[in-house]
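> Quick one, structure-v1.csv (CSV, C-alpha atoms (C1' of nucleotides)):
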chain,number,residue,atom,x,y,z
A,1,MET,CA,-71.6,-67.5,22.2
A,2,ARG,CA,-68.0,-66.4,22.8
A,3,LEU,CA,-65.9,-63.3,23.1
A,4,THR,CA,-62.7,-63.1,21.0
A,5,LEU,CA,-59.3,-63.9,22.4
A,6,TYR,CA,-58.6,-60.3,21.4
A,7,SER,CA,-61.0,-59.1,24.0
A,8,ASP,CA,-59.6,-61.6,26.5
A,9,TYR,CA,-56.0,-60.4,25.9
A,10,SER,CA,-57.1,-56.7,26.1
A,11,LEU,CA,-58.6,-57.3,29.5
A,12,ARG,CA,-55.5,-59.2,30.7
A,13,VAL,CA,-53.3,-56.4,29.6
A,14,LEU,CA,-55.3,-53.8,31.5
A,15,LEU,CA,-55.6,-56.0,34.5
A,16,TYR,CA,-51.8,-56.4,34.6
A,17,LEU,CA,-51.4,-52.6,34.3
A,18,SER,CA,-53.9,-52.1,37.1
A,19,HIS,CA,-51.4,-53.8,39.4
A,20,LYS,CA,-48.3,-52.0,38.2
A,21,GLU,CA,-47.5,-48.4,38.5
A,22,GLU,CA,-44.4,-48.3,36.2
A,23,THR,CA,-44.6,-48.7,32.5
A,24,VAL,CA,-44.4,-52.3,31.2
A,25,THR,CA,-43.3,-53.6,27.8
A,26,ILE,CA,-45.2,-55.9,25.5
A,27,THR,CA,-42.5,-58.4,25.9
A,28,GLU,CA,-42.9,-58.5,29.6
A,29,LEU,CA,-46.7,-59.1,29.1
A,30,ALA,CA,-46.2,-61.8,26.6
A,31,ASP,CA,-43.7,-63.5,28.8
A,32,PHE,CA,-45.9,-63.3,31.9
A,33,TYR,CA,-49.0,-64.6,30.2
A,34,LYS,CA,-47.1,-67.0,27.9
A,35,ILE,CA,-49.1,-65.8,25.0
A,36,SER,CA,-48.4,-64.8,21.4
A,37,ARG,CA,-46.4,-61.6,21.3
A,38,ASN,CA,-47.6,-60.8,17.8
A,39,HIS,CA,-51.2,-60.9,18.9
A,40,LEU,CA,-50.4,-58.7,21.9
A,41,VAL,CA,-48.8,-56.1,19.7
A,42,LYS,CA,-52.1,-55.5,18.0
A,43,VAL,CA,-54.1,-55.6,21.2
A,44,VAL,CA,-51.8,-53.0,22.8
A,45,HIS,CA,-51.9,-50.8,19.7
A,46,ASN,CA,-55.7,-50.8,19.8
A,47,LEU,CA,-55.8,-50.1,23.5
A,48,GLY,CA,-53.6,-47.1,22.8
A,49,ILE,CA,-55.8,-45.8,20.0
A,50,ASN,CA,-58.9,-46.1,22.1
A,51,GLY,CA,-57.4,-44.2,25.0
A,52,PHE,CA,-57.1,-46.9,27.6
A,53,ILE,CA,-53.4,-46.8,27.8
A,54,VAL,CA,-50.5,-44.4,27.0
A,55,THR,CA,-47.8,-45.9,24.8
A,56,SER,CA,-44.3,-44.6,24.5
A,57,ARG,CA,-41.7,-45.6,22.0
A,58,GLY,CA,-38.0,-45.8,22.2
A,59,LYS,CA,-35.7,-46.9,24.9
A,60,HIS,CA,-37.4,-47.2,28.2
A,61,GLY,CA,-40.7,-47.0,26.4
A,62,GLY,CA,-43.7,-49.2,27.2
A,63,ILE,CA,-47.3,-48.8,28.2
A,64,ARG,CA,-49.3,-47.7,31.2
A,65,LEU,CA,-52.9,-47.0,32.0
A,66,ALA,CA,-54.2,-43.7,30.7
A,67,ARG,CA,-56.8,-43.4,33.4
A,68,PRO,CA,-57.2,-44.8,36.9
A,69,ALA,CA,-58.4,-48.4,37.0
A,70,ARG,CA,-61.4,-47.2,38.9
A,71,GLU,CA,-62.6,-45.2,36.0
A,72,ILE,CA,-62.4,-47.9,33.3
A,73,THR,CA,-65.3,-50.4,33.2
A,74,VAL,CA,-65.1,-53.9,31.8
A,75,GLY,CA,-68.1,-53.0,29.6
A,76,GLU,CA,-66.3,-50.0,28.1
A,77,VAL,CA,-63.3,-52.2,27.2
A,78,VAL,CA,-65.3,-55.0,25.6
A,79,ARG,CA,-67.3,-52.6,23.5
A,80,HIS,CA,-64.0,-51.4,22.0
A,81,THR,CA,-62.5,-54.8,21.5
A,82,GLU,CA,-65.3,-57.0,20.2
A,83,PRO,CA,-65.9,-56.8,16.5
A,84,ASP,CA,-69.6,-56.6,17.0
A,85,PHE,CA,-72.5,-57.7,19.2
A,86,ASP,CA,-74.8,-58.8,16.4
A,87,LEU,CA,-76.4,-61.8,18.0
A,88,LEU,CA,-78.5,-62.7,15.0
A,89,GLU,CA,-78.3,-61.8,11.3
A,90,CYS,CA,-81.2,-59.4,11.8
A,91,PHE,CA,-79.1,-57.2,14.2
A,92,ASN,CA,-77.3,-55.7,11.2
A,93,PRO,CA,-79.7,-54.1,8.7
A,94,GLN,CA,-76.9,-53.9,6.2
A,95,THR,CA,-76.6,-57.7,5.9
A,96,ASP,CA,-80.0,-58.9,7.1
A,97,HIS,CA,-81.8,-61.2,4.8
A,98,CYS,CA,-84.4,-62.7,7.1
A,99,VAL,CA,-87.8,-62.5,5.5
A,100,ILE,CA,-89.6,-62.0,8.8
A,101,SER,CA,-87.3,-59.5,10.5
A,102,SER,CA,-89.6,-56.6,10.0
A,103,THR,CA,-92.4,-58.2,12.1
A,104,CYS,CA,-90.3,-60.5,14.3
A,105,SER,CA,-90.3,-59.7,18.0
A,106,LEU,CA,-87.5,-62.1,18.7
A,107,LYS,CA,-85.1,-59.3,18.0
A,108,GLY,CA,-86.5,-57.3,20.8
A,109,VAL,CA,-86.0,-60.2,23.2
A,110,LEU,CA,-82.4,-60.6,22.2
A,111,PHE,CA,-81.9,-56.8,22.4
A,112,GLU,CA,-83.1,-56.9,26.0
A,113,ALA,CA,-80.8,-59.9,26.8
A,114,ARG,CA,-77.9,-58.2,25.2
A,115,SER,CA,-78.5,-55.0,27.3
A,116,ALA,CA,-78.7,-57.1,30.4
A,117,PHE,CA,-75.4,-58.6,29.6
A,118,ILE,CA,-73.6,-55.3,28.9
A,119,ASN,CA,-75.2,-53.6,31.9
A,120,VAL,CA,-73.5,-56.1,34.2
A,121,LEU,CA,-70.1,-55.5,32.6
A,122,ASP,CA,-70.7,-51.7,32.9
A,123,ARG,CA,-71.1,-52.1,36.6
A,124,TYR,CA,-67.5,-53.4,37.2
A,125,THR,CA,-64.3,-51.4,36.9
A,126,LEU,CA,-60.8,-52.7,36.4
A,127,ALA,CA,-60.2,-51.7,40.0
A,128,ASP,CA,-63.0,-54.0,41.1
A,129,VAL,CA,-61.6,-56.9,39.1
A,130,ALA,CA,-58.0,-56.3,40.0
A,131,ALA,CA,-58.8,-56.2,43.7
A,132,PRO,CA,-57.7,-59.3,45.7
A,133,LYS,CA,-60.1,-62.1,45.1
A,134,VAL,CA,-63.2,-62.1,47.2
A,135,GLN,CA,-65.6,-64.4,45.7
A,136,ALA,CA,-66.0,-66.3,42.5
A,137,GLU,CA,-67.0,-69.8,41.4
A,138,ILE,CA,-69.9,-69.5,43.8
A,139,ARG,CA,-72.5,-68.6,41.3
A,140,SER,CA,-74.7,-71.2,39.8
A,141,ILE,CA,-74.6,-71.5,36.1
A,142,PRO,CA,-77.9,-71.9,34.3
A,143,ILE,CA,-76.1,-73.3,31.2
A,144,ILE,CA,-76.0,-76.7,29.8
A,145,GLN,CA,-72.4,-77.7,29.4
A,146,LYS,CA,-72.1,-80.2,26.6
B,1,MET,CA,-70.3,-61.8,20.3
B,2,ARG,CA,-72.7,-63.7,18.1
B,3,LEU,CA,-75.1,-66.6,18.1
B,4,THR,CA,-74.8,-69.2,15.4
B,5,LEU,CA,-77.0,-69.3,12.3
B,6,TYR,CA,-77.8,-72.7,13.6
B,7,SER,CA,-79.6,-71.1,16.6
B,8,ASP,CA,-81.1,-68.5,14.4
B,9,TYR,CA,-82.6,-71.1,12.1
B,10,SER,CA,-83.8,-73.3,15.0
B,11,LEU,CA,-85.7,-70.4,16.4
B,12,ARG,CA,-87.2,-69.5,13.0
B,13,VAL,CA,-88.4,-73.1,12.6
B,14,LEU,CA,-90.1,-73.1,16.0
B,15,LEU,CA,-91.6,-69.7,15.4
B,16,TYR,CA,-93.1,-70.9,12.1
B,17,LEU,CA,-94.5,-74.0,13.8
B,18,SER,CA,-96.0,-71.9,16.6
B,19,HIS,CA,-98.2,-70.3,14.0
B,20,LYS,CA,-99.2,-73.5,12.2
B,21,GLU,CA,-101.2,-76.3,13.6
B,22,GLU,CA,-100.6,-78.9,10.8
B,23,THR,CA,-97.3,-80.5,10.2
B,24,VAL,CA,-95.0,-78.7,7.9
B,25,THR,CA,-92.1,-80.1,5.8
B,26,ILE,CA,-88.5,-79.0,5.7
B,27,THR,CA,-88.9,-78.0,2.1
B,28,GLU,CA,-91.8,-75.7,3.0
B,29,LEU,CA,-89.7,-74.1,5.7
B,30,ALA,CA,-86.7,-73.7,3.4
B,31,ASP,CA,-88.9,-72.2,0.7
B,32,PHE,CA,-90.6,-69.8,3.1
B,33,TYR,CA,-87.4,-68.5,4.7
B,34,LYS,CA,-85.4,-68.8,1.5
B,35,ILE,CA,-82.5,-70.5,3.3
B,36,SER,CA,-80.3,-73.5,2.8
B,37,ARG,CA,-82.4,-76.7,2.9
B,38,ASN,CA,-79.3,-78.7,3.8
B,39,HIS,CA,-78.7,-76.6,6.9
B,40,LEU,CA,-82.3,-76.8,7.9
B,41,VAL,CA,-82.2,-80.6,7.7
B,42,LYS,CA,-79.7,-80.7,10.5
B,43,VAL,CA,-81.5,-78.0,12.5
B,44,VAL,CA,-84.7,-79.9,12.3
B,45,HIS,CA,-83.1,-83.2,13.2
B,46,ASN,CA,-81.5,-81.7,16.3
B,47,LEU,CA,-84.8,-80.1,17.3
B,48,GLY,CA,-86.4,-83.5,17.1
B,49,ILE,CA,-83.6,-85.1,19.2
B,50,ASN,CA,-84.0,-82.5,21.9
B,51,GLY,CA,-87.8,-82.9,22.1
B,52,PHE,CA,-88.9,-79.6,20.8
B,53,ILE,CA,-90.6,-81.0,17.8
B,54,VAL,CA,-92.1,-84.3,16.6
B,55,THR,CA,-90.9,-85.6,13.3
B,56,SER,CA,-92.6,-88.1,11.1
B,57,ARG,CA,-91.2,-89.8,8.1
B,58,GLY,CA,-92.8,-91.1,5.0
B,59,LYS,CA,-95.5,-89.7,2.8
B,60,HIS,CA,-97.4,-86.9,4.5
B,61,GLY,CA,-94.6,-86.7,7.0
B,62,GLY,CA,-93.3,-83.5,8.4
B,63,ILE,CA,-92.7,-81.8,11.7
B,64,ARG,CA,-94.8,-80.1,14.4
B,65,LEU,CA,-94.2,-78.7,17.9
B,66,ALA,CA,-93.9,-81.4,20.5
B,67,ARG,CA,-95.2,-79.1,23.3
B,68,PRO,CA,-97.4,-76.0,23.3
B,69,ALA,CA,-95.5,-72.8,22.3
B,70,ARG,CA,-96.3,-71.4,25.7
B,71,GLU,CA,-94.2,-74.0,27.4
B,72,ILE,CA,-91.0,-73.6,25.4
B,73,THR,CA,-88.7,-70.7,26.3
B,74,VAL,CA,-86.2,-69.0,24.0
B,75,GLY,CA,-83.6,-69.7,26.6
B,76,GLU,CA,-84.3,-73.4,26.6
B,77,VAL,CA,-83.9,-73.5,22.8
B,78,VAL,CA,-80.7,-71.5,22.7
B,79,ARG,CA,-79.1,-73.7,25.3
B,80,HIS,CA,-79.6,-76.7,23.1
B,81,THR,CA,-78.5,-75.1,19.9
B,82,GLU,CA,-75.5,-73.0,20.8
B,83,PRO,CA,-72.3,-75.1,20.8
B,84,ASP,CA,-71.2,-73.4,24.1
B,85,PHE,CA,-71.4,-70.3,26.1
B,86,ASP,CA,-67.7,-70.1,26.9
B,87,LEU,CA,-67.2,-66.4,26.8
B,88,LEU,CA,-63.5,-66.6,27.6
B,89,GLU,CA,-60.9,-69.3,27.5
B,90,CYS,CA,-61.1,-69.7,31.2
B,91,PHE,CA,-64.7,-70.8,31.1
B,92,ASN,CA,-63.7,-74.2,30.0
B,93,PRO,CA,-61.3,-75.8,32.6
B,94,GLN,CA,-60.4,-78.5,30.0
B,95,THR,CA,-58.9,-76.1,27.6
B,96,ASP,CA,-58.0,-73.1,29.9
B,97,HIS,CA,-54.4,-72.0,29.8
B,98,CYS,CA,-54.6,-68.6,31.4
B,99,VAL,CA,-51.9,-68.3,34.0
B,100,ILE,CA,-54.1,-66.1,36.3
B,101,SER,CA,-57.4,-67.9,36.0
B,102,SER,CA,-57.2,-69.4,39.4
B,103,THR,CA,-57.2,-66.0,41.1
B,104,CYS,CA,-58.8,-63.8,38.4
B,105,SER,CA,-62.2,-62.4,39.4
B,106,LEU,CA,-63.0,-61.3,35.8
B,107,LYS,CA,-64.5,-64.8,35.4
B,108,GLY,CA,-67.1,-64.1,38.1
B,109,VAL,CA,-68.1,-60.8,36.4
B,110,LEU,CA,-68.6,-62.5,33.1
B,111,PHE,CA,-70.5,-65.4,34.7
B,112,GLU,CA,-72.9,-62.8,36.2
B,113,ALA,CA,-73.3,-61.1,32.8
B,114,ARG,CA,-73.9,-64.4,31.1
B,115,SER,CA,-76.6,-65.3,33.7
B,116,ALA,CA,-78.3,-62.0,33.1
B,117,PHE,CA,-78.3,-62.7,29.4
B,118,ILE,CA,-79.8,-66.1,29.7
B,119,ASN,CA,-82.3,-65.1,32.4
B,120,VAL,CA,-83.9,-62.7,29.9
B,121,LEU,CA,-84.2,-65.4,27.3
B,122,ASP,CA,-85.7,-67.7,29.9
B,123,ARG,CA,-88.5,-65.2,30.6
B,124,TYR,CA,-89.9,-65.4,27.0
B,125,THR,CA,-91.7,-68.3,25.5
B,126,LEU,CA,-92.3,-69.0,21.8
B,127,ALA,CA,-95.9,-68.0,22.3
B,128,ASP,CA,-94.7,-64.6,23.5
B,129,VAL,CA,-92.5,-64.2,20.5
B,130,ALA,CA,-95.0,-65.6,18.0
B,131,ALA,CA,-97.7,-63.2,19.2
B,132,PRO,CA,-98.6,-60.3,16.9
B,133,LYS,CA,-96.0,-57.6,17.2
B,134,VAL,CA,-96.4,-55.2,20.0
B,135,GLN,CA,-93.3,-53.2,20.3
B,136,ALA,CA,-89.7,-53.5,19.3
B,137,GLU,CA,-87.0,-51.2,18.0
B,138,ILE,CA,-87.9,-48.9,20.9
B,139,ARG,CA,-85.1,-49.9,23.1
B,140,SER,CA,-81.9,-48.0,23.3
B,141,ILE,CA,-78.9,-50.0,22.5
B,142,PRO,CA,-75.9,-49.3,24.7
B,143,ILE,CA,-73.5,-50.8,22.1
B,144,ILE,CA,-71.1,-49.1,19.9
B,145,GLN,CA,-71.8,-50.1,16.4
B,146,LYS,CA,-68.7,-49.9,14.3
C,1,DA,C1',-93.6,-101.1,-5.6
C,2,DA,C1',-93.2,-96.3,-5.8
C,3,DT,C1',-93.0,-92.0,-3.8
C,4,DA,C1',-92.4,-88.6,-0.3
C,5,DA,C1',-90.7,-87.5,3.6
C,6,DC,C1',-86.9,-87.4,7.4
C,7,DA,C1',-82.0,-89.5,8.9
C,8,DT,C1',-77.1,-89.6,8.6
C,9,DG,C1',-72.5,-89.2,7.4
C,10,DC,C1',-68.9,-87.3,4.7
C,11,DA,C1',-66.8,-83.8,2.0
C,12,DT,C1',-66.2,-79.1,0.8
C,13,DT,C1',-66.3,-74.2,1.1
C,14,DC,C1',-65.9,-70.0,3.5
C,15,DA,C1',-65.2,-66.4,6.9
C,16,DG,C1',-62.9,-64.7,10.4
C,17,DA,C1',-59.9,-65.3,14.2
C,18,DA,C1',-55.3,-66.1,15.4
C,19,DT,C1',-50.5,-66.1,14.4
C,20,DG,C1',-46.2,-65.1,12.2
C,21,DA,C1',-42.9,-62.2,9.9
C,22,DA,C1',-40.9,-58.1,8.0
C,23,DT,C1',-40.1,-53.4,8.0
C,24,DG,C1',-40.8,-48.7,9.7
C,25,DT,C1',-40.7,-45.1,13.3
C,26,DT,C1',-39.5,-43.1,17.6
C,27,DT,C1',-36.7,-42.1,21.6
C,28,DA,C1',-33.0,-42.5,25.1
C,29,DG,C1',-28.2,-42.8,26.0
C,30,DG,C1',-23.4,-43.3,25.1
D,1,DC,C1',-24.9,-39.2,15.7
D,2,DC,C1',-25.2,-43.8,16.1
D,3,DT,C1',-27.1,-47.7,18.2
D,4,DA,C1',-30.3,-50.2,20.7
D,5,DA,C1',-34.8,-50.7,22.6
D,6,DA,C1',-39.2,-50.0,22.2
D,7,DC,C1',-43.9,-49.4,19.8
D,8,DA,C1',-46.2,-48.9,14.8
D,9,DT,C1',-47.9,-50.9,10.6
D,10,DT,C1',-48.7,-53.9,7.0
D,11,DC,C1',-48.9,-58.2,4.7
D,12,DA,C1',-49.0,-63.1,4.6
D,13,DT,C1',-50.2,-67.5,6.6
D,14,DT,C1',-52.4,-70.8,9.4
D,15,DC,C1',-56.2,-72.6,11.8
D,16,DT,C1',-60.8,-73.4,13.5
D,17,DG,C1',-65.4,-73.9,13.2
D,18,DA,C1',-69.5,-72.6,10.9
D,19,DA,C1',-72.0,-73.2,6.9
D,20,DT,C1',-73.1,-75.7,2.9
D,21,DG,C1',-73.5,-79.4,-0.4
D,22,DC,C1',-74.1,-84.1,-1.7
D,23,DA,C1',-75.0,-88.9,-1.5
D,24,DT,C1',-77.2,-92.6,0.5
D,25,DG,C1',-80.1,-94.7,4.0
D,26,DT,C1',-84.6,-95.4,6.4
D,27,DT,C1',-89.5,-95.0,7.1
D,28,DA,C1',-94.2,-94.7,6.0
D,29,DT,C1',-98.2,-94.0,3.1
D,30,DT,C1',-100.7,-95.2,-1.0
Using structure tokens, write down the structure from this file.

Amino acid sequence: MRLTLYSDYSLRVLLYLSHKEETVTITELADFYKISRNHLVKVVHNLGINGFIVTSRGKHGGIRLARPAREITVGEVVRHTEPDFDLLECFNPQTDHCVISSTCSLKGVLFEARSAFINVLDRYTLADVAAPKVQAEIRSIPIIQK
Amino acid sequence: MRLTLYSDYSLRVLLYLSHKEETVTITELADFYKISRNHLVKVVHNLGINGFIVTSRGKHGGIRLARPAREITVGEVVRHTEPDFDLLECFNPQTDHCVISSTCSLKGVLFEARSAFINVLDRYTLADVAAPKVQAEIRSIPIIQK
DNA sequence: AATAACATGCATTCAGAATGAATGTTTAGG
DNA sequence: CCTAAACATTCATTCTGAATGCATGTTATT
């Protein structure tokens, strides 16, 4: 279970913008994070289309947040950057071929789990995340790391 | 954000076994679900190694649950079948290259979301899921389907 | 011994993410 | 009005990992 690098980069861009008032360029971002400029170009483009940032072309162009960091939640961002949240085949009726999906209640359980996941992300804004570090690492992880 | 078919098939196998008392064969499972027998072979093997099922070779061999369905949670299964739960690059210190991960509190937020997800799965057993359908589809989905 | 089952490893295919590259479009400033 | 600096857009390529297929081994019953 993973998110895409695309979502990762999207969040990093917005986080960077949450700290800076002035417009920043894609090149500045790529240099700071030491990541692929090509990939960033698409990430930024998409963030613009979805109204998270304002982009301006030409000399002295660049990008900035379209709304205050306090008004953008992590959940909202991820919903726009992940290709889908189809945990199992049966989540997408178009491509589902499972012979028991009509009577299977596993789907409901995973729906509930997915909602719980997204709900947490909806409770945090970019401002929360951009704030100086308070706590982290302190949580126990109920996951087996192989 | 997806789970693997591998996890999907693992759950389907265990669900099928939750209904049947007798041992069943991989061929029977593949035929019932109309899925790749090759893939199932590995799924079953892994379920055996992880103590969810008992496998027996030879004529009249097959597989059956190693423990009562009531004692196996969905969360426990998924933990053993998913390759990892590394939502972002920074979840794995071995391969993390993010320049801000040491001070970034996004990780904490995603840790919390992941825990919320797994906690739901830990609350349901195979017996719950195998029980005759009660409700499903009724939940609202706070996800944008593109 | 033969047969029916799971075990195991290797090779191959496939999908989709990630990356790279080229060209177009817009805007500011000399 | 021309140039440079920026984002926009499309296409091609690489890469990873999941999914699948296949061949052979091992075990157990009859």
> Return as a PyMOL selection string the residues belonging to chain A that are within 8 Å of chain D, counting all atoms listed in the file.
chain A and resi 25+45+55-62
> I need the contact residues of chain A against chain B, so if you could list those with any atom within 6 Å, counting only C-alpha atoms, and return them as an MDAnalysis selection string, that would help.
chainID A and resid 1:3 85:87 105:106 108 113 116:117 120 129 136
> Find the nearest atom pair between each residue of chain C and chain A for residues within 7 Å, count only C-alpha atoms (C1' of nucleotides), give distances in Å to one decimal, sort rows by chain and ascending number, and present the table as JSON lines.

{"residue": "C:DT19", "atom": "C1'", "partner": "A:His39", "partner_atom": "CA", "distance": 6.9}
{"residue": "C:DT26", "atom": "C1'", "partner": "A:Arg57", "partner_atom": "CA", "distance": 5.5}
{"residue": "C:DT27", "atom": "C1'", "partner": "A:Gly58", "partner_atom": "CA", "distance": 4.0}
{"residue": "C:DA28", "atom": "C1'", "partner": "A:Lys59", "partner_atom": "CA", "distance": 5.2}
> To one decimal place in Å, what is the distance between CA of Val43 in chain B and CA of Leu29 in chain B?
11.3 Å
> Would you compute the distance between CA of Ser101 in chain A and CA of Ser18 in chain B? Give it in Å to one decimal.
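Distance between the two atoms: 16.3 Å.
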> To one decimal place, how far is C1' of DA18 in chain C from CA of Asn46 in chain A in Å?
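These two atoms are separated by 15.9 Å.
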> Using the incomplete input, complete range 2-10 of chain A to the level of all heavy atoms; output as a compact mmCIF listing (two decimals), keeping the file's coordinate frame.

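Contents of out-v5.txt, as written:
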# COMPACT_ATOMS: atom_id res chain seq x y z
N ARG A 2 -69.37 -66.61 22.27
CA ARG A 2 -68.00 -66.40 22.80
C ARG A 2 -67.58 -64.96 22.58
O ARG A 2 -68.07 -64.28 21.69
CB ARG A 2 -67.03 -67.30 22.10
CG ARG A 2 -67.21 -68.77 22.39
CD ARG A 2 -66.05 -69.55 21.85
NE ARG A 2 -66.19 -70.96 22.17
CZ ARG A 2 -65.24 -71.88 21.99
NH1 ARG A 2 -64.09 -71.51 21.45
NH2 ARG A 2 -65.44 -73.12 22.32
N LEU A 3 -66.62 -64.54 23.38
CA LEU A 3 -65.90 -63.30 23.10
C LEU A 3 -64.61 -63.74 22.38
O LEU A 3 -64.20 -64.91 22.45
CB LEU A 3 -65.57 -62.56 24.38
CG LEU A 3 -66.77 -62.11 25.22
CD1 LEU A 3 -66.31 -61.32 26.43
CD2 LEU A 3 -67.73 -61.27 24.39
N THR A 4 -63.97 -62.81 21.71
CA THR A 4 -62.70 -63.10 21.00
C THR A 4 -61.54 -63.17 21.99
O THR A 4 -61.58 -62.54 23.05
CB THR A 4 -62.42 -62.12 19.92
OG1 THR A 4 -62.33 -60.83 20.52
CG2 THR A 4 -63.50 -62.12 18.86
N LEU A 5 -60.50 -63.89 21.59
CA LEU A 5 -59.30 -63.90 22.40
C LEU A 5 -58.72 -62.48 22.46
O LEU A 5 -58.07 -62.09 23.42
CB LEU A 5 -58.21 -64.76 21.65
CG LEU A 5 -57.70 -66.04 22.30
CD1 LEU A 5 -56.39 -66.42 21.69
CD2 LEU A 5 -57.56 -65.88 23.80
N TYR A 6 -59.02 -61.72 21.42
CA TYR A 6 -58.60 -60.30 21.40
C TYR A 6 -59.14 -59.54 22.55
O TYR A 6 -58.40 -58.80 23.20
CB TYR A 6 -59.12 -59.75 20.05
CG TYR A 6 -58.51 -58.45 19.65
CD1 TYR A 6 -57.32 -58.41 18.92
CD2 TYR A 6 -59.10 -57.25 20.01
CE1 TYR A 6 -56.75 -57.20 18.56
CE2 TYR A 6 -58.53 -56.05 19.65
CZ TYR A 6 -57.36 -56.03 18.92
OH TYR A 6 -56.81 -54.84 18.57
N SER A 7 -60.41 -59.74 22.86
CA SER A 7 -61.00 -59.10 24.00
C SER A 7 -60.36 -59.63 25.31
O SER A 7 -60.04 -58.89 26.24
CB SER A 7 -62.50 -59.32 24.07
OG SER A 7 -63.13 -58.66 23.00
N ASP A 8 -60.18 -60.93 25.33
CA ASP A 8 -59.60 -61.60 26.50
C ASP A 8 -58.20 -60.97 26.75
O ASP A 8 -57.92 -60.52 27.88
CB ASP A 8 -59.44 -63.08 26.15
CG ASP A 8 -59.04 -63.91 27.35
OD1 ASP A 8 -58.77 -63.32 28.43
OD2 ASP A 8 -58.97 -65.15 27.24
N TYR A 9 -57.37 -60.91 25.74
CA TYR A 9 -56.00 -60.40 25.90
C TYR A 9 -56.06 -58.89 26.32
O TYR A 9 -55.25 -58.44 27.12
CB TYR A 9 -55.21 -60.52 24.62
CG TYR A 9 -54.74 -61.93 24.35
CD1 TYR A 9 -55.10 -62.99 25.18
CD2 TYR A 9 -53.93 -62.22 23.25
CE1 TYR A 9 -54.67 -64.28 24.94
CE2 TYR A 9 -53.49 -63.51 23.00
CZ TYR A 9 -53.87 -64.54 23.84
OH TYR A 9 -53.42 -65.81 23.58
N SER A 10 -57.00 -58.15 25.75
CA SER A 10 -57.10 -56.70 26.10
C SER A 10 -57.36 -56.58 27.59
O SER A 10 -56.74 -55.76 28.26
CB SER A 10 -58.26 -56.10 25.31
OG SER A 10 -58.01 -56.14 23.92
